[in-house]
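upload_34.cif (mmCIF, C-alpha atoms and all ligand atoms) appears below.
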```cif
data_run
#
loop_
_atom_site.label_atom_id
_atom_site.label_comp_id
_atom_site.auth_asym_id
_atom_site.auth_seq_id
_atom_site.Cartn_x
_atom_site.Cartn_y
_atom_site.Cartn_z
CA MET A 117 -54.06 181.34 -76.05
CA LEU A 118 -53.20 184.37 -73.89
CA LYS A 119 -49.54 184.93 -73.08
CA ASP A 120 -49.94 184.64 -69.29
CA GLN A 121 -52.70 182.02 -69.31
CA VAL A 122 -52.23 179.14 -66.89
CA VAL A 123 -53.43 175.84 -68.32
CA ARG A 124 -54.34 172.43 -66.93
CA VAL A 125 -52.88 170.22 -69.64
CA VAL A 126 -52.48 166.46 -70.06
CA GLY A 127 -49.60 164.93 -72.02
CA ALA A 128 -49.45 161.40 -73.43
CA MET A 129 -46.40 159.48 -74.53
CA SER A 130 -45.93 156.08 -76.13
CA GLY A 131 -42.20 155.46 -75.87
CA THR A 132 -39.68 153.37 -77.74
CA SER A 133 -39.94 150.55 -75.17
CA LEU A 134 -43.42 149.80 -76.58
CA ASP A 135 -44.73 148.99 -73.12
CA GLY A 136 -47.79 151.24 -73.13
CA VAL A 137 -49.09 154.80 -72.93
CA ASP A 138 -48.18 157.15 -70.08
CA ALA A 139 -50.42 160.14 -69.44
CA ALA A 140 -49.83 162.93 -66.93
CA GLU A 141 -51.39 166.26 -66.12
CA ILE A 142 -49.61 169.44 -65.09
CA VAL A 143 -50.64 173.03 -64.51
CA THR A 144 -48.36 175.48 -66.31
CA ASP A 145 -48.15 178.73 -68.24
CA GLY A 146 -45.52 177.17 -70.53
CA HIS A 147 -42.72 178.55 -68.36
CA VAL A 148 -43.27 177.61 -64.72
CA ILE A 149 -44.64 174.26 -63.51
CA PHE A 150 -47.23 175.24 -60.90
CA GLU A 151 -48.68 171.82 -60.09
CA PHE A 152 -48.50 168.13 -60.96
CA GLY A 153 -51.88 166.44 -61.49
CA ASN A 154 -53.28 162.97 -62.17
CA THR A 155 -51.37 160.26 -63.99
CA ALA A 156 -52.35 157.06 -65.79
CA PHE A 157 -50.64 154.19 -67.57
CA ARG A 158 -52.25 151.77 -69.98
CA PRO A 159 -50.08 148.84 -71.00
CA TYR A 160 -50.33 147.48 -74.52
CA THR A 161 -51.60 143.92 -74.80
CA GLN A 162 -49.18 141.36 -76.21
CA ALA A 163 -51.13 141.43 -79.48
CA GLN A 164 -50.80 145.22 -79.66
CA VAL A 165 -47.06 145.04 -78.98
CA THR A 166 -46.75 142.58 -81.86
CA VAL A 167 -48.52 145.00 -84.22
CA LEU A 168 -46.34 147.92 -83.07
CA ARG A 169 -43.10 145.95 -83.34
CA ALA A 170 -43.98 144.95 -86.89
CA ALA A 171 -44.60 148.62 -87.73
CA LEU A 172 -41.19 149.85 -86.57
CA GLY A 173 -39.28 151.33 -89.49
CA LYS A 174 -42.47 152.21 -91.41
CA TRP A 175 -43.07 155.61 -93.05
CA PRO A 176 -46.32 157.45 -93.92
CA GLU A 177 -46.41 155.96 -97.43
CA ASP A 178 -46.51 152.43 -95.97
CA GLU A 179 -49.81 150.71 -95.26
CA ILE A 180 -50.21 151.33 -91.55
CA ALA A 181 -53.74 152.62 -91.06
CA ASP A 182 -54.28 149.83 -88.51
CA VAL A 183 -51.32 151.08 -86.45
CA PHE A 184 -52.66 154.64 -86.44
CA GLU A 185 -56.04 153.33 -85.33
CA LEU A 186 -54.45 151.28 -82.55
CA ILE A 187 -52.47 154.28 -81.25
CA GLU A 188 -55.46 156.62 -81.44
CA THR A 189 -57.78 154.10 -79.74
CA VAL A 190 -55.46 153.33 -76.82
CA HIS A 191 -54.68 157.03 -76.31
CA ALA A 192 -58.38 157.90 -76.37
CA GLN A 193 -58.99 155.23 -73.69
CA VAL A 194 -56.30 156.70 -71.44
CA LEU A 195 -57.11 160.35 -72.08
CA THR A 196 -60.88 160.19 -71.48
CA GLY A 197 -59.93 159.90 -67.79
CA PHE A 198 -58.62 163.49 -67.85
CA ALA A 199 -61.93 165.33 -68.14
CA ASP A 200 -60.62 168.44 -66.36
CA ALA A 201 -57.73 169.07 -68.76
CA ASP A 202 -58.08 172.16 -70.98
CA LEU A 203 -55.53 170.96 -73.54
CA VAL A 204 -53.89 167.71 -74.70
CA GLY A 205 -50.28 167.10 -75.78
CA PHE A 206 -50.12 163.95 -77.90
CA HIS A 207 -46.69 162.61 -78.85
CA GLY A 208 -47.80 159.44 -80.66
CA GLN A 209 -45.57 156.45 -81.31
CA THR A 210 -42.29 156.94 -83.13
CA LEU A 211 -42.08 154.31 -85.85
CA ALA A 212 -39.03 155.62 -87.69
CA HIS A 213 -36.51 158.40 -87.15
CA ASP A 214 -34.04 159.50 -89.81
CA PRO A 215 -33.72 163.28 -89.33
CA LYS A 216 -30.98 163.77 -91.89
CA GLY A 217 -32.76 161.57 -94.44
CA ARG A 218 -36.44 160.71 -94.62
CA GLY A 219 -37.48 162.67 -91.54
CA THR A 220 -39.25 161.50 -88.41
CA HIS A 221 -42.48 159.56 -88.19
CA GLN A 222 -44.87 159.33 -85.25
CA ALA A 223 -48.00 157.19 -85.61
CA GLY A 224 -51.31 158.67 -84.54
CA ASP A 225 -53.39 161.56 -85.88
CA GLY A 226 -54.07 164.30 -83.32
CA SER A 227 -57.02 165.65 -85.30
CA VAL A 228 -58.82 162.32 -84.81
CA LEU A 229 -58.15 162.48 -81.06
CA ALA A 230 -59.35 166.09 -80.91
CA ASN A 231 -62.75 165.00 -82.17
CA VAL A 232 -62.96 161.89 -80.01
CA LEU A 233 -61.97 163.78 -76.84
CA ASP A 234 -63.68 167.04 -77.81
CA LYS A 235 -60.53 168.91 -76.75
CA THR A 236 -57.79 170.83 -78.51
CA VAL A 237 -54.85 168.53 -79.20
CA VAL A 238 -51.26 169.56 -79.91
CA TRP A 239 -49.29 166.92 -81.81
CA ASP A 240 -46.58 166.26 -84.43
CA PHE A 241 -44.02 167.95 -82.20
CA ARG A 242 -40.90 166.86 -84.10
CA SER A 243 -41.42 167.57 -87.83
CA THR A 244 -40.79 171.32 -87.91
CA ASP A 245 -37.54 170.97 -86.01
CA VAL A 246 -36.36 168.35 -88.55
CA GLN A 247 -37.46 170.57 -91.46
CA MET A 248 -35.37 173.38 -89.94
CA GLY A 249 -32.27 171.16 -89.89
CA GLY A 250 -32.64 169.83 -86.34
CA GLU A 251 -32.59 166.27 -85.05
CA GLY A 252 -36.24 166.46 -83.96
CA ALA A 253 -35.17 164.85 -80.69
CA PRO A 254 -34.74 164.94 -77.78
CA LEU A 255 -37.56 167.38 -77.02
CA ALA A 256 -37.90 166.90 -73.25
CA PRO A 257 -34.95 169.25 -72.49
CA PHE A 258 -37.02 172.46 -72.29
CA TYR A 259 -39.16 170.67 -69.70
CA HIS A 260 -36.02 169.46 -67.91
CA PHE A 261 -34.98 173.10 -67.68
CA ALA A 262 -38.29 174.00 -66.00
CA LEU A 263 -37.88 171.08 -63.57
CA VAL A 264 -34.41 172.18 -62.59
CA LYS A 265 -35.72 175.70 -61.99
CA LYS A 266 -38.39 174.15 -59.75
CA MET A 267 -35.70 172.24 -57.84
CA GLY A 268 -34.06 175.57 -57.10
CA VAL A 269 -30.56 174.33 -57.87
CA THR A 270 -28.04 176.76 -59.30
CA ASP A 271 -25.17 174.47 -60.37
CA PRO A 272 -25.19 172.61 -63.69
CA ILE A 273 -26.83 169.21 -63.39
CA VAL A 274 -27.67 166.41 -65.80
CA ILE A 275 -30.96 164.58 -66.33
CA LEU A 276 -30.58 161.16 -67.89
CA ASN A 277 -33.59 159.38 -69.39
CA LEU A 278 -33.29 155.61 -69.71
CA GLY A 279 -36.10 154.54 -72.01
CA GLY A 280 -35.76 152.28 -75.03
CA VAL A 281 -33.13 154.79 -76.12
CA GLY A 282 -31.11 156.88 -73.63
CA ASN A 283 -30.92 160.67 -73.69
CA ILE A 284 -29.15 163.20 -71.57
CA THR A 285 -29.75 166.90 -70.86
CA TRP A 286 -27.02 169.06 -69.35
CA ILE A 287 -28.57 172.14 -67.77
CA ASP A 288 -27.11 175.35 -66.46
CA PRO A 289 -30.08 176.87 -64.59
CA SER A 290 -28.27 180.20 -64.15
CA LEU A 291 -28.72 181.00 -67.86
CA PRO A 292 -32.01 181.98 -69.53
CA LEU A 293 -34.28 180.26 -72.08
CA PRO A 294 -35.51 180.37 -74.86
CA HIS A 295 -32.18 180.85 -76.57
CA SER A 296 -30.88 177.79 -74.83
CA ASP A 297 -27.40 177.83 -76.29
CA GLY A 298 -25.34 177.76 -73.18
CA ALA A 299 -28.19 176.85 -70.84
CA LEU A 300 -28.88 173.44 -72.40
CA LEU A 301 -27.02 170.72 -74.21
CA ALA A 302 -29.01 167.60 -75.02
CA PHE A 303 -28.61 164.48 -77.09
CA ASP A 304 -29.34 160.77 -77.28
CA THR A 305 -26.61 158.77 -75.54
CA GLY A 306 -27.19 155.41 -77.24
CA PRO A 307 -29.46 152.42 -76.95
CA ALA A 308 -30.72 151.88 -73.38
CA ASN A 309 -33.44 149.32 -72.56
CA ALA A 310 -34.40 148.42 -76.14
CA PRO A 311 -31.58 145.89 -76.82
CA ILE A 312 -32.05 144.33 -73.36
CA ASN A 313 -35.80 144.04 -73.89
CA ASP A 314 -35.31 142.58 -77.37
CA LEU A 315 -32.90 139.96 -75.98
CA MET A 316 -35.27 139.00 -73.17
CA GLN A 317 -38.16 138.71 -75.62
CA ALA A 318 -36.24 136.67 -78.19
CA ARG A 319 -34.57 134.26 -75.77
CA LEU A 320 -36.89 133.99 -72.78
CA GLY A 321 -40.24 135.37 -73.93
CA GLN A 322 -40.06 138.07 -71.22
CA SER A 323 -40.55 141.76 -71.91
CA PHE A 324 -37.57 142.98 -69.84
CA ASP A 325 -34.84 141.93 -67.40
CA LEU A 326 -36.77 142.44 -64.15
CA ASP A 327 -34.60 144.33 -61.64
CA GLY A 328 -31.55 143.52 -63.77
CA LYS A 329 -31.42 140.07 -62.16
CA LEU A 330 -30.25 138.20 -65.25
CA ALA A 331 -27.56 140.79 -66.06
CA ALA A 332 -26.36 140.65 -62.44
CA LYS A 333 -25.58 136.92 -62.88
CA GLY A 334 -23.58 137.40 -66.07
CA THR A 335 -20.08 138.47 -67.01
CA VAL A 336 -19.58 141.46 -69.29
CA ASP A 337 -17.78 140.77 -72.57
CA GLN A 338 -15.65 143.92 -72.58
CA GLY A 339 -14.46 143.29 -76.14
CA ILE A 340 -18.03 143.60 -77.42
CA VAL A 341 -18.57 146.77 -75.39
CA ASP A 342 -15.34 148.30 -76.76
CA GLN A 343 -16.36 147.37 -80.30
CA PHE A 344 -19.81 148.90 -79.73
CA LEU A 345 -18.17 152.19 -78.69
CA GLN A 346 -16.46 152.33 -82.10
CA HIS A 347 -19.83 152.95 -83.79
CA PRO A 348 -19.71 156.25 -85.75
CA PHE A 349 -22.56 157.62 -83.61
CA PHE A 350 -20.16 157.98 -80.68
CA PHE A 351 -17.77 160.10 -82.75
CA ARG A 352 -20.46 162.60 -83.73
CA MET A 353 -20.63 165.88 -81.81
CA PRO A 354 -23.92 166.52 -79.98
CA PRO A 355 -26.76 167.35 -80.45
CA LYS A 356 -27.57 164.02 -82.09
CA SER A 357 -30.42 161.52 -81.96
CA LEU A 358 -31.08 157.88 -82.68
CA ASP A 359 -33.61 155.58 -84.25
CA ARG A 360 -34.64 152.85 -81.78
CA ASP A 361 -33.13 150.17 -84.00
CA ALA A 362 -29.99 152.01 -85.09
CA PHE A 363 -27.81 149.55 -83.18
CA ALA A 364 -29.26 146.30 -84.50
CA GLY A 365 -25.70 144.93 -84.78
CA LEU A 366 -25.40 144.94 -81.01
CA SER A 367 -27.91 142.09 -80.72
CA ASP A 368 -25.95 140.10 -83.29
CA ALA A 369 -22.72 140.74 -81.36
CA VAL A 370 -24.03 138.96 -78.23
CA ALA A 371 -25.66 136.09 -80.15
CA ASP A 372 -23.06 133.52 -79.02
CA LEU A 373 -23.05 134.54 -75.34
CA SER A 374 -25.11 132.84 -72.64
CA ASP A 375 -28.36 134.58 -71.67
CA ALA A 376 -26.81 136.07 -68.51
CA ASP A 377 -23.58 137.18 -70.21
CA ALA A 378 -25.53 138.69 -73.10
CA ALA A 379 -27.78 140.62 -70.69
CA ALA A 380 -24.74 141.80 -68.68
CA THR A 381 -22.96 142.92 -71.86
CA LEU A 382 -25.97 144.84 -73.23
CA THR A 383 -26.50 146.48 -69.84
CA MET A 384 -22.85 147.53 -69.71
CA ALA A 385 -23.06 148.83 -73.29
CA CYS A 386 -25.82 151.20 -72.14
CA ALA A 387 -23.77 152.30 -69.10
CA ALA A 388 -20.65 152.85 -71.21
CA SER A 389 -22.56 155.00 -73.70
CA VAL A 390 -23.95 157.11 -70.85
CA ALA A 391 -20.41 157.59 -69.47
CA GLN A 392 -19.27 158.68 -72.89
CA GLY A 393 -22.21 161.08 -73.17
CA LEU A 394 -21.30 162.63 -69.85
CA GLN A 395 -17.82 163.37 -71.19
CA ALA A 396 -19.38 165.32 -74.06
CA CYS A 397 -21.31 167.64 -71.71
CA THR A 398 -20.30 171.29 -71.45
CA SER A 399 -18.91 170.90 -67.93
CA ALA A 400 -18.93 168.24 -65.21
CA PRO A 401 -22.36 168.45 -63.55
CA SER A 402 -22.75 168.31 -59.77
CA ARG A 403 -25.29 165.44 -60.01
CA MET A 404 -26.99 163.16 -62.47
CA PHE A 405 -30.72 162.48 -61.91
CA VAL A 406 -32.09 159.44 -63.72
CA THR A 407 -35.60 159.18 -65.12
CA GLY A 408 -37.31 156.52 -67.27
CA GLY A 409 -37.80 152.81 -66.64
CA GLY A 410 -34.10 151.99 -66.65
CA ARG A 411 -33.71 153.64 -63.24
CA ARG A 412 -35.60 150.64 -61.85
CA ASN A 413 -32.83 148.31 -63.02
CA PRO A 414 -30.32 148.18 -60.12
CA THR A 415 -27.67 146.42 -62.23
CA LEU A 416 -27.82 149.16 -64.86
CA MET A 417 -27.78 151.90 -62.20
CA ARG A 418 -24.75 150.34 -60.50
CA MET A 419 -22.88 150.06 -63.81
CA ILE A 420 -23.69 153.71 -64.63
CA ALA A 421 -22.57 154.89 -61.18
CA ASP A 422 -19.32 152.92 -61.53
CA ALA A 423 -18.67 154.31 -65.03
CA CYS A 424 -19.44 157.97 -64.26
CA SER A 425 -17.56 160.25 -61.92
CA VAL A 426 -20.63 162.15 -60.64
CA PRO A 427 -23.24 161.18 -58.01
CA VAL A 428 -26.10 159.29 -59.71
CA ALA A 429 -29.63 159.14 -58.23
CA PRO A 430 -33.19 158.43 -59.41
CA ILE A 431 -35.11 161.64 -60.08
CA GLU A 432 -37.43 160.78 -57.19
CA ASP A 433 -34.57 162.08 -54.99
CA ALA A 434 -35.35 165.51 -56.41
CA GLY A 435 -39.08 165.01 -55.74
CA PHE A 436 -40.27 164.13 -59.27
CA ASP A 437 -42.01 161.12 -60.83
CA GLY A 438 -39.57 159.32 -63.12
CA ASP A 439 -42.29 157.22 -64.73
CA MET A 440 -44.32 160.21 -65.89
CA LEU A 441 -41.69 162.76 -66.79
CA GLU A 442 -41.96 162.34 -70.57
CA ALA A 443 -45.76 162.52 -70.53
CA GLN A 444 -45.46 165.69 -68.41
CA ALA A 445 -42.89 167.01 -70.88
CA PHE A 446 -45.32 166.74 -73.80
CA ALA A 447 -48.00 168.42 -71.69
CA TYR A 448 -45.60 171.29 -71.05
CA LEU A 449 -44.51 171.46 -74.69
CA ALA A 450 -48.16 171.49 -75.82
CA VAL A 451 -48.73 174.71 -73.91
CA ARG A 452 -45.57 176.21 -75.36
CA VAL A 453 -46.71 175.29 -78.89
CA ALA A 454 -50.18 176.72 -78.25
CA LYS A 455 -48.56 179.98 -77.09
CA GLY A 456 -46.11 180.14 -80.00
CA LEU A 457 -43.08 179.58 -77.76
CA PRO A 458 -40.06 177.56 -78.90
CA THR A 459 -39.70 173.93 -77.86
CA SER A 460 -36.18 173.25 -79.14
CA ALA A 461 -33.02 175.21 -79.89
CA SER A 462 -29.57 174.61 -81.30
CA GLY A 463 -28.30 173.21 -78.00
CA THR A 464 -31.05 170.59 -77.80
CA THR A 465 -31.61 169.38 -81.36
CA GLY A 466 -29.02 171.26 -83.42
CA VAL A 467 -31.81 173.22 -85.14
CA ARG A 468 -30.62 176.44 -86.79
CA ALA A 469 -32.69 178.73 -84.57
CA ALA A 470 -35.05 178.18 -81.64
CA VAL A 471 -38.25 176.72 -83.05
CA GLY A 472 -41.74 175.77 -81.87
CA GLY A 473 -43.51 173.67 -84.47
CA GLY A 474 -46.25 171.22 -83.56
CA THR A 475 -49.77 171.04 -85.00
CA VAL A 476 -52.78 172.37 -83.10
CA SER A 477 -56.05 170.54 -83.89
CA ARG A 478 -59.37 171.75 -82.51
CA PRO A 479 -62.46 169.54 -82.38
CA SER A 480 -64.49 170.15 -85.54
CA LYS A 481 -67.78 170.39 -83.56
CA SER A 482 -66.67 173.48 -81.60
N1 LIG A 501 -37.97 146.80 -62.52
C1 LIG A 501 -37.34 146.94 -63.68
N2 LIG A 501 -36.20 146.26 -63.92
C2 LIG A 501 -35.53 146.39 -65.09
N3 LIG A 501 -35.94 147.18 -66.11
C3 LIG A 501 -37.06 147.88 -65.93
C4 LIG A 501 -37.82 147.82 -64.72
N4 LIG A 501 -38.89 148.64 -64.85
C5 LIG A 501 -38.81 149.18 -66.08
N5 LIG A 501 -37.72 148.73 -66.74
C6 LIG A 501 -37.29 149.05 -68.12
O1 LIG A 501 -37.82 150.30 -68.50
C7 LIG A 501 -38.55 150.17 -69.73
C8 LIG A 501 -39.63 151.20 -69.77
O2 LIG A 501 -39.02 152.46 -69.72
P1 LIG A 501 -39.77 153.78 -70.15
O3 LIG A 501 -41.20 153.67 -69.80
O4 LIG A 501 -38.97 154.91 -69.64
O5 LIG A 501 -39.61 153.68 -71.71
P2 LIG A 501 -40.22 154.52 -72.90
O6 LIG A 501 -40.93 155.71 -72.34
O7 LIG A 501 -40.95 153.57 -73.73
O8 LIG A 501 -38.91 154.94 -73.68
P3 LIG A 501 -38.34 156.24 -74.40
O9 LIG A 501 -37.87 157.19 -73.34
O10 LIG A 501 -37.22 155.67 -75.16
O11 LIG A 501 -39.42 156.80 -75.23
C9 LIG A 501 -39.04 148.75 -69.73
O12 LIG A 501 -39.31 148.31 -71.05
C10 LIG A 501 -37.85 148.03 -69.12
O13 LIG A 501 -36.87 147.80 -70.08
C1 LIG A 502 -37.52 160.15 -82.25
C2 LIG A 502 -37.96 159.80 -80.88
O1 LIG A 502 -39.11 159.50 -80.64
N1 LIG A 502 -37.02 159.86 -79.94
C3 LIG A 502 -37.30 159.57 -78.53
C4 LIG A 502 -36.59 158.26 -78.14
O2 LIG A 502 -36.85 157.95 -76.77
C5 LIG A 502 -35.79 158.52 -76.00
C6 LIG A 502 -34.95 159.25 -77.00
O3 LIG A 502 -35.19 158.48 -78.17
C7 LIG A 502 -35.45 160.70 -77.26
O4 LIG A 502 -34.66 161.24 -78.30
C8 LIG A 502 -36.90 160.75 -77.72
O5 LIG A 502 -37.83 160.87 -76.68
C9 LIG A 502 -37.79 161.81 -75.65
C10 LIG A 502 -39.09 161.78 -74.93
C11 LIG A 502 -37.53 163.24 -76.08
O6 LIG A 502 -37.85 163.65 -77.20
O7 LIG A 502 -37.01 163.99 -75.24
#
```
For this file, write the structure as structure tokens.
Ligand SMILES: Nc1ncnc2c1ncn2[C@@H]1O[C@H](COP(=O)(O)OP(=O)(O)OP(=O)(O)O)[C@@H](O)[C@H]1O
Ligand SMILES: CC(=O)N[C@H]1[C@@H]2OC[C@@H](O2)[C@@H](O)[C@@H]1O[C@H](C)C(=O)O
Amino acid sequence: MLKDQVVRVVGAMSGTSLDGVDAAEIVTDGHVIFEFGNTAFRPYTQAQVTVLRAALGKWPEDEIADVFELIETVHAQVLTGFADADLVGFHGQTLAHDPKGRGTHQAGDGSVLANVLDKTVVWDFRSTDVQMGGEGAPLAPFYHFALVKKMGVTDPIVILNLGGVGNITWIDPSLPLPHSDGALLAFDTGPANAPINDLMQARLGQSFDLDGKLAAKGTVDQGIVDQFLQHPFFFRMPPKSLDRDAFAGLSDAVADLSDADAAATLTMACAASVAQGLQACTSAPSRMFVTGGGRRNPTLMRMIADACSVPVAPIEDAGFDGDMLEAQAFAYLAVRVAKGLPTSASGTTGVRAAVGGGTVSRPSKS
């Protein structure tokens, strides 16, 4: 791909919440975001969620061909709607993440999708970073940097993503990429929606705490939150990343609480971990913009605002779509990979040097 080429690219993301596949198109040269395009969301059926949940923690050597097929099929269904896209960024579904041990594992084979869609697909974004000593996550920060440039702000700000897991990017837009040391600091903050969703599913058969209504009725057990903050993860210096189920003990800790108190306590645990993450940022940002599904939970947003000493607002206040940001991010990163540009650096994943990685698969017919 030519250095200055501007590309219409679609990105697709299946996140740790296991709710479905987001897809979003942008127009970019891998540096500047020129335009936002169409978006789509395809929820997983209950049966598909059950298959995906059962596959969490699995590695390539496990028998999971059915999971790959499921991921590829659902992504193909969503992505056929993007006929005008020149390129596809395919994240896949993270099943397991152990960057300092077994590696990182996303289900779904981009070469299969390339043939089905008859388009070039960029995928397996995280492996090279892990092989180079990085965390392999979070990877959205380079896109966050481009968004902040588009906003035109000059002061450091923070973007917080509240998905199944939370992650934060501190950005100083006055400094240059790609050598993001200084311009970017990014890391996972802790579990976000995943423990709340798991509680709602196990106790009430619901997929999440709609509008934080159950948590709003409960009382936080501060002792459990304080104990949660003693987890070794919170004593590690960033960059750092998490497996979705790294905090399984948190669910056990609220087992004896009422439904409402358990929901309130898990919601506060997320807010407390965000507040702690903010403390670890390079400097106090002027604002925190929140993306991801958790920004729709008013109880969680109130707890975060109370726990953090900076103004907190959904990213829509900056003019962006908080439901599609991650899908857009993997569209943006796909162009960077195709152009040989880095997608992570020591400030975002702890990798030794800025690195691109990713696999580019072209349709075998062309
Ligand atoms: N109205 C709402 N009230 C409460 N929670 C909500 C609401 N809407 C969405 N959520 C939460 O947001 C989750 C979806 O968030 P999102 O789509 O950002 O996750 P993801 O992309 O799967 O995660 P990740 O960023 O970890 O990959 C839902 O599972 C739910 O927990
Ligand atoms: C290993 C993995 O898939 N991590 C996800 C997960 O979901 C949120 C958080 O944990 C973040 O580290 C990452 O996703 C976002 C999109 C990222 O890479 O920026």
Write out as a Markdown table a residue-level contact list of chain A versus ligand LIG 502 (chain A) with cut-off 6 Å: for each qualifying residue the closest pair of atoms and the distance in Å to one decimal, counting only C-alpha atoms and all ligand atoms, rows sorted by chain and residue number upward.
```
| residue | atom | partner | partner_atom | distance |
| --- | --- | --- | --- | --- |
| A:Gly131 | CA | A:LIG502 | O2 | 6.0 |
| A:Thr132 | CA | A:LIG502 | O2 | 5.5 |
| A:Thr210 | CA | A:LIG502 | O1 | 4.8 |
| A:His213 | CA | A:LIG502 | C1 | 5.3 |
| A:Ala253 | CA | A:LIG502 | O4 | 4.4 |
| A:Pro254 | CA | A:LIG502 | O6 | 3.4 |
| A:Leu255 | CA | A:LIG502 | O6 | 3.7 |
| A:Ala256 | CA | A:LIG502 | O7 | 3.6 |
| A:Gly279 | CA | A:LIG502 | C5 | 5.6 |
| A:Val281 | CA | A:LIG502 | C5 | 4.6 |
| A:Gly282 | CA | A:LIG502 | C5 | 5.5 |
| A:Asn283 | CA | A:LIG502 | C6 | 5.4 |
| A:Asp304 | CA | A:LIG502 | O4 | 5.4 |
| A:Ser357 | CA | A:LIG502 | O4 | 5.6 |
| A:Glu442 | CA | A:LIG502 | C10 | 5.2 |
```
Centre and edge lengths, as AutoDock Vina command-line options, for the axis-aligned box enclosing every listed atom of ligand LIG 501 (chain A) with 3 Å of padding on each of the six sides, in Å to one decimal?
```
--center_x -38.4 --center_y 151.7 --center_z -68.9 --size_x 11.7 --size_y 16.9 --size_z 18.7
```
Find the residues around segment 336-341 of chain A up to 8 Å (all atoms listed in the file counted), leave out those fewer than 5 positions away in its own chain, and share them as an MDAnalysis selection string. chainID A and resid 369:370 377:378 380:382 384:385 388
Nearest-residue call for ligand LIG 501 (chain A), choices A:Leu233, A:Ile180, A:Val137, A:Ile287, using all atoms listed in the file: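 Selected residue with least distance to ligand LIG 501 (chain A): A:Val137.
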Give the answer as one residue: which of A:Gly466, A:Pro311, A:Gly219, A:Pro401 has the shortest atom-to-atom distance to Asp288 of chain A, using only C-alpha atoms? A:Pro401
Using only C-alpha atoms and all ligand atoms, what does the table of chain A residues within 6 Å of ligand LIG 501 (chain A) look like, with each row giving the shortest atom pair and its distance in Å to one decimal, sorted by chain and ascending number, as a Markdown table?
```
| residue | atom | partner | partner_atom | distance |
| --- | --- | --- | --- | --- |
| A:Gly131 | CA | A:LIG501 | O7 | 3.1 |
| A:Thr132 | CA | A:LIG501 | O7 | 4.2 |
| A:Ser133 | CA | A:LIG501 | O7 | 3.5 |
| A:Leu134 | CA | A:LIG501 | O7 | 5.3 |
| A:Asp135 | CA | A:LIG501 | O12 | 5.8 |
| A:Leu278 | CA | A:LIG501 | O4 | 5.7 |
| A:Gly279 | CA | A:LIG501 | O8 | 3.3 |
| A:Gly280 | CA | A:LIG501 | O10 | 3.7 |
| A:Val281 | CA | A:LIG501 | O10 | 4.3 |
| A:Asn309 | CA | A:LIG501 | O13 | 4.5 |
| A:Asn313 | CA | A:LIG501 | O13 | 5.5 |
| A:Phe324 | CA | A:LIG501 | O13 | 4.9 |
| A:Asp325 | CA | A:LIG501 | C2 | 5.1 |
| A:Leu326 | CA | A:LIG501 | N2 | 3.9 |
| A:Asp327 | CA | A:LIG501 | N2 | 3.4 |
| A:Gly328 | CA | A:LIG501 | C2 | 5.1 |
| A:Gly408 | CA | A:LIG501 | O4 | 3.3 |
| A:Gly409 | CA | A:LIG501 | O1 | 3.1 |
| A:Gly410 | CA | A:LIG501 | O1 | 4.5 |
| A:Arg412 | CA | A:LIG501 | C1 | 4.5 |
| A:Asn413 | CA | A:LIG501 | C2 | 3.9 |
```
Can you spit out the residues from that selection as an mmCIF file, keeping the file's coordinate frame, using C-alpha atoms?
```cif
data_model
loop_
_atom_site.group_PDB
_atom_site.id
_atom_site.type_symbol
_atom_site.label_atom_id
_atom_site.label_comp_id
_atom_site.auth_asym_id
_atom_site.auth_seq_id
_atom_site.Cartn_x
_atom_site.Cartn_y
_atom_site.Cartn_z
ATOM 1 C CA GLY A 131 -42.200 155.460 -75.870
ATOM 2 C CA THR A 132 -39.680 153.370 -77.740
ATOM 3 C CA SER A 133 -39.940 150.550 -75.170
ATOM 4 C CA LEU A 134 -43.420 149.800 -76.580
ATOM 5 C CA ASP A 135 -44.730 148.990 -73.120
ATOM 6 C CA LEU A 278 -33.290 155.610 -69.710
ATOM 7 C CA GLY A 279 -36.100 154.540 -72.010
ATOM 8 C CA GLY A 280 -35.760 152.280 -75.030
ATOM 9 C CA VAL A 281 -33.130 154.790 -76.120
ATOM 10 C CA ASN A 309 -33.440 149.320 -72.560
ATOM 11 C CA ASN A 313 -35.800 144.040 -73.890
ATOM 12 C CA PHE A 324 -37.570 142.980 -69.840
ATOM 13 C CA ASP A 325 -34.840 141.930 -67.400
ATOM 14 C CA LEU A 326 -36.770 142.440 -64.150
ATOM 15 C CA ASP A 327 -34.600 144.330 -61.640
ATOM 16 C CA GLY A 328 -31.550 143.520 -63.770
ATOM 17 C CA GLY A 408 -37.310 156.520 -67.270
ATOM 18 C CA GLY A 409 -37.800 152.810 -66.640
ATOM 19 C CA GLY A 410 -34.100 151.990 -66.650
ATOM 20 C CA ARG A 412 -35.600 150.640 -61.850
ATOM 21 C CA ASN A 413 -32.830 148.310 -63.020
#
```
Nearest candidate to Glu141 of chain A (options A:Ala212, A:Ala310, A:Ala450, A:Val125; using only C-alpha atoms): A:Val125
Residue with the minimum atom-to-atom distance to Arg478 of chain A, picked from A:Val451, A:Met440, A:Leu345, A:Val232 with all atoms listed in the file counted, is A:Val232
For atom CA of Asp240 of chain A and atom CA of Glu188 of chain A, quote the distance in Å rounded to one decimal.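 Interatomic distance here is 13.4 Å.
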Gap from atom CA of Trp286 of chain A to atom CA of Gln395 of chain A - Å, one decimal: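 Distance reported for this atom pair: 11.0 Å.
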Name the closest residue to Pro427 of chain A among the candidates A:Thr415, A:Ser402, A:Thr220, A:Thr335; distances are taken between atoms, counting all atoms listed in the file. A:Ser402
Which distance in Å separates atom CA of Val123 of chain A and atom CA of Gly456 of chain A, to one decimal? 14.4 Å
